[in-house]
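Trainee: The structure that follows is given in the form of structure tokens.
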Amino acid sequence: MSGISAKRVRTRHFFEAKAAGTPISALTSYDALSASIFDEAGIDMLLVGDSAANVVLGRDTTLSITVDEMIVLAKAVTLAARRALVVVDLPFGSYEASPQQAVATSVQIMKETGAHAVKIEGGVERADTIRAIVDAGIPVCGHIGFTPQSEHALGGPVIQGRGSGADKLTRDARAVEAAGAFAVVLEMVPAEIAAQVTRDIEIATIGIGAGPGTDGQILVWQDAFGLNRGKTARFVRHYANLGDSLLDAARAYADDVSARSFPAAEESYE
Ligand code: KIV
């Protein structure tokens, strides 16, 4: 198994991995079965992302998912994960009003799910909030670049950090680091800028659509393993075609039921 060498991955291992140049692997997970498979595969970090709104709940954006919905999914993941660090997204509307609101939401998520950390979108403008959560004893992973909860403000899924945006991205990364985050997700950022930010800060960068120069990589598993049969972003590599396999399996089952060839005698009780 490659990646972080630890029986139980903790946030301190992210600093050690960065210092040693060991790439950090991360995937999203929203249920017990996928979590136990990814955990067994040695994935270092499982993110219960608010992307569950899209790939689990079938919604167009991440904005509508609630804290209670996130908690149901996160509980399943933490119960199944034995080794990976489990991080849960703070959903839209659960932290923006004040650092106090963010601390209350983070405490609820940590208490009710058994997760190890929370993730929050935003850079400079979210630094006080990250600091407040960290001061409450809760590890925080930042998320800058394209931040899906702000997709209407950003004008859709647009690459961030190009041209003069590079300075903003650097300021955001530094602010998240100074506020006490243990890692930061960089989403949809030019590879060169992401690599530059990665060199500039001491916390680990986890890239999604940010090229090979970050300290780790994360993908939404339904995209990477082909359960999502729709169009995916350029940065997704397809490791499997689970959607097609499932379609074939479901058709075979439907055919067997129609033909009354399922169940057979050995699949029935005497
Ligand atoms: O919710 C999510 O899946 C995420 C990843 C895209 C990093 O935030």
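In the structure tokens, chains take the letters A, B, ... in the order shown, each chain's residues start at 1, and ligands count up from 1 in the order shown.
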Quick one: residues within 12 Å of Lys168 in chain A, only C-alpha atoms, excluding same-chain residues fewer than 3 positions away - as number ranges by chain?
Mentor: A: 122-125, 144-145, 160-165, 171-175, 189, 193, 197
Trainee: Go ahead and write the selection's residues with C-alpha atoms as an mmCIF file, in the first residue's frame.
Mentor:
data_model
loop_
_atom_site.group_PDB
_atom_site.id
_atom_site.type_symbol
_atom_site.label_atom_id
_atom_site.label_comp_id
_atom_site.auth_asym_id
_atom_site.auth_seq_id
_atom_site.Cartn_x
_atom_site.Cartn_y
_atom_site.Cartn_z
ATOM 1 C CA GLY A 122 -13.515 30.152 1.439
ATOM 2 C CA GLY A 123 -10.197 31.927 1.890
ATOM 3 C CA VAL A 124 -9.391 35.347 3.368
ATOM 4 C CA GLU A 125 -13.069 36.062 4.075
ATOM 5 C CA ILE A 144 -10.225 27.521 -2.170
ATOM 6 C CA GLY A 145 -10.119 28.094 -5.924
ATOM 7 C CA GLN A 160 -9.839 30.207 -10.609
ATOM 8 C CA GLY A 161 -6.395 31.708 -10.125
ATOM 9 C CA ARG A 162 -5.629 32.670 -13.724
ATOM 10 C CA GLY A 163 -3.894 36.007 -14.378
ATOM 11 C CA SER A 164 -4.389 38.390 -11.477
ATOM 12 C CA GLY A 165 -6.420 35.649 -9.763
ATOM 13 C CA ARG A 171 -3.603 35.257 -0.302
ATOM 14 C CA ASP A 172 -6.444 32.802 0.312
ATOM 15 C CA ALA A 173 -4.054 29.888 0.851
ATOM 16 C CA ARG A 174 -1.921 31.890 3.272
ATOM 17 C CA ALA A 175 -4.992 33.068 5.191
ATOM 18 C CA VAL A 189 -6.763 25.953 -10.510
ATOM 19 C CA ILE A 193 -0.360 28.170 -9.827
ATOM 20 C CA VAL A 197 0.827 27.745 -3.829
#
Trainee: Would you kindly return, as number ranges by chain, each protein, DNA or RNA residue with an atom no farther than 10 Å from any atom of Ala191 in chain A, considering only C-alpha atoms and excluding same-chain residues fewer than 4 positions away?
Mentor: A: 161, 195-197, 207, 209-214
Trainee: Name the residues of range 52-262 of chain A that fall into helix (DSSP H, G or I) according to DSSP on the backbone, using the chain letters and numbers of this document, as a ChimeraX atom specification.
Mentor: /A:52-55,67-80,99-113,124-135,148-154,165-178,191-200,221-224,242-258
Trainee: Using only C-alpha atoms and all ligand atoms, which of the listed residues (A:Ile218, A:Ala224, A:Ala183, A:Ile201) sits closest to ligand 1?
Mentor: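 Using only C-alpha atoms and all ligand atoms, ligand 1 sits closest to A:Ile218.
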Trainee: For a test of reading the model, state the distance in Å between CA of Val118 in chain A and CA of Gly226 in chain A, rounded to one decimal.
Mentor: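 Going from CA of Val118 in chain A over to CA of Gly226 in chain A, I get 26.7 Å.
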Trainee: Can you tell me which residues come within 7 Å of ligand 1 when counting only C-alpha atoms and all ligand atoms, ideally as a PyMOL selection string?
Mentor: chain A and resi 28+47-52+89+185+187+208+218-220
Trainee: Take the residues just selected and output them with N, CA and C atoms as a CSV table (one decimal), in the first residue's frame.
Mentor:
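Dumped to selection-v6.csv:
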chain,number,residue,atom,x,y,z
A,28,THR,N,-14.1,11.1,-2.2
A,28,THR,CA,-15.3,11.4,-1.4
A,28,THR,C,-15.9,10.0,-1.1
A,47,LEU,N,-13.7,12.1,2.2
A,47,LEU,CA,-14.4,13.4,2.4
A,47,LEU,C,-15.9,13.1,2.2
A,48,VAL,N,-16.7,13.3,3.3
A,48,VAL,CA,-18.1,13.3,3.1
A,48,VAL,C,-18.5,14.7,2.6
A,49,GLY,N,-18.4,14.8,1.2
A,49,GLY,CA,-18.5,16.1,0.6
A,49,GLY,C,-20.0,16.5,0.4
A,50,ASP,N,-20.2,17.8,0.3
A,50,ASP,CA,-21.6,18.2,0.0
A,50,ASP,C,-21.9,18.0,-1.4
A,51,SER,N,-20.9,17.4,-2.2
A,51,SER,CA,-21.2,16.9,-3.5
A,51,SER,C,-22.2,15.8,-3.5
A,52,ALA,N,-22.5,15.3,-2.3
A,52,ALA,CA,-23.6,14.3,-2.1
A,52,ALA,C,-24.9,14.8,-2.6
A,89,ASP,N,-17.9,18.0,5.1
A,89,ASP,CA,-18.1,19.4,4.6
A,89,ASP,C,-19.2,20.1,5.5
A,185,VAL,N,-8.0,22.2,0.2
A,185,VAL,CA,-8.3,21.7,-1.1
A,185,VAL,C,-8.2,22.9,-2.1
A,187,GLU,N,-9.3,23.7,-5.8
A,187,GLU,CA,-10.2,23.1,-6.9
A,187,GLU,C,-10.2,24.0,-8.1
A,208,ILE,N,-8.0,19.1,-6.8
A,208,ILE,CA,-9.0,18.5,-7.7
A,208,ILE,C,-9.1,19.4,-8.9
A,218,ILE,N,-7.8,14.6,-4.8
A,218,ILE,CA,-9.1,14.1,-4.4
A,218,ILE,C,-10.0,14.1,-5.7
A,219,LEU,N,-10.9,13.1,-5.7
A,219,LEU,CA,-11.9,13.0,-6.8
A,219,LEU,C,-13.2,12.6,-6.2
A,220,VAL,N,-14.3,12.9,-6.8
A,220,VAL,CA,-15.6,12.4,-6.4
A,220,VAL,C,-15.7,11.0,-7.0
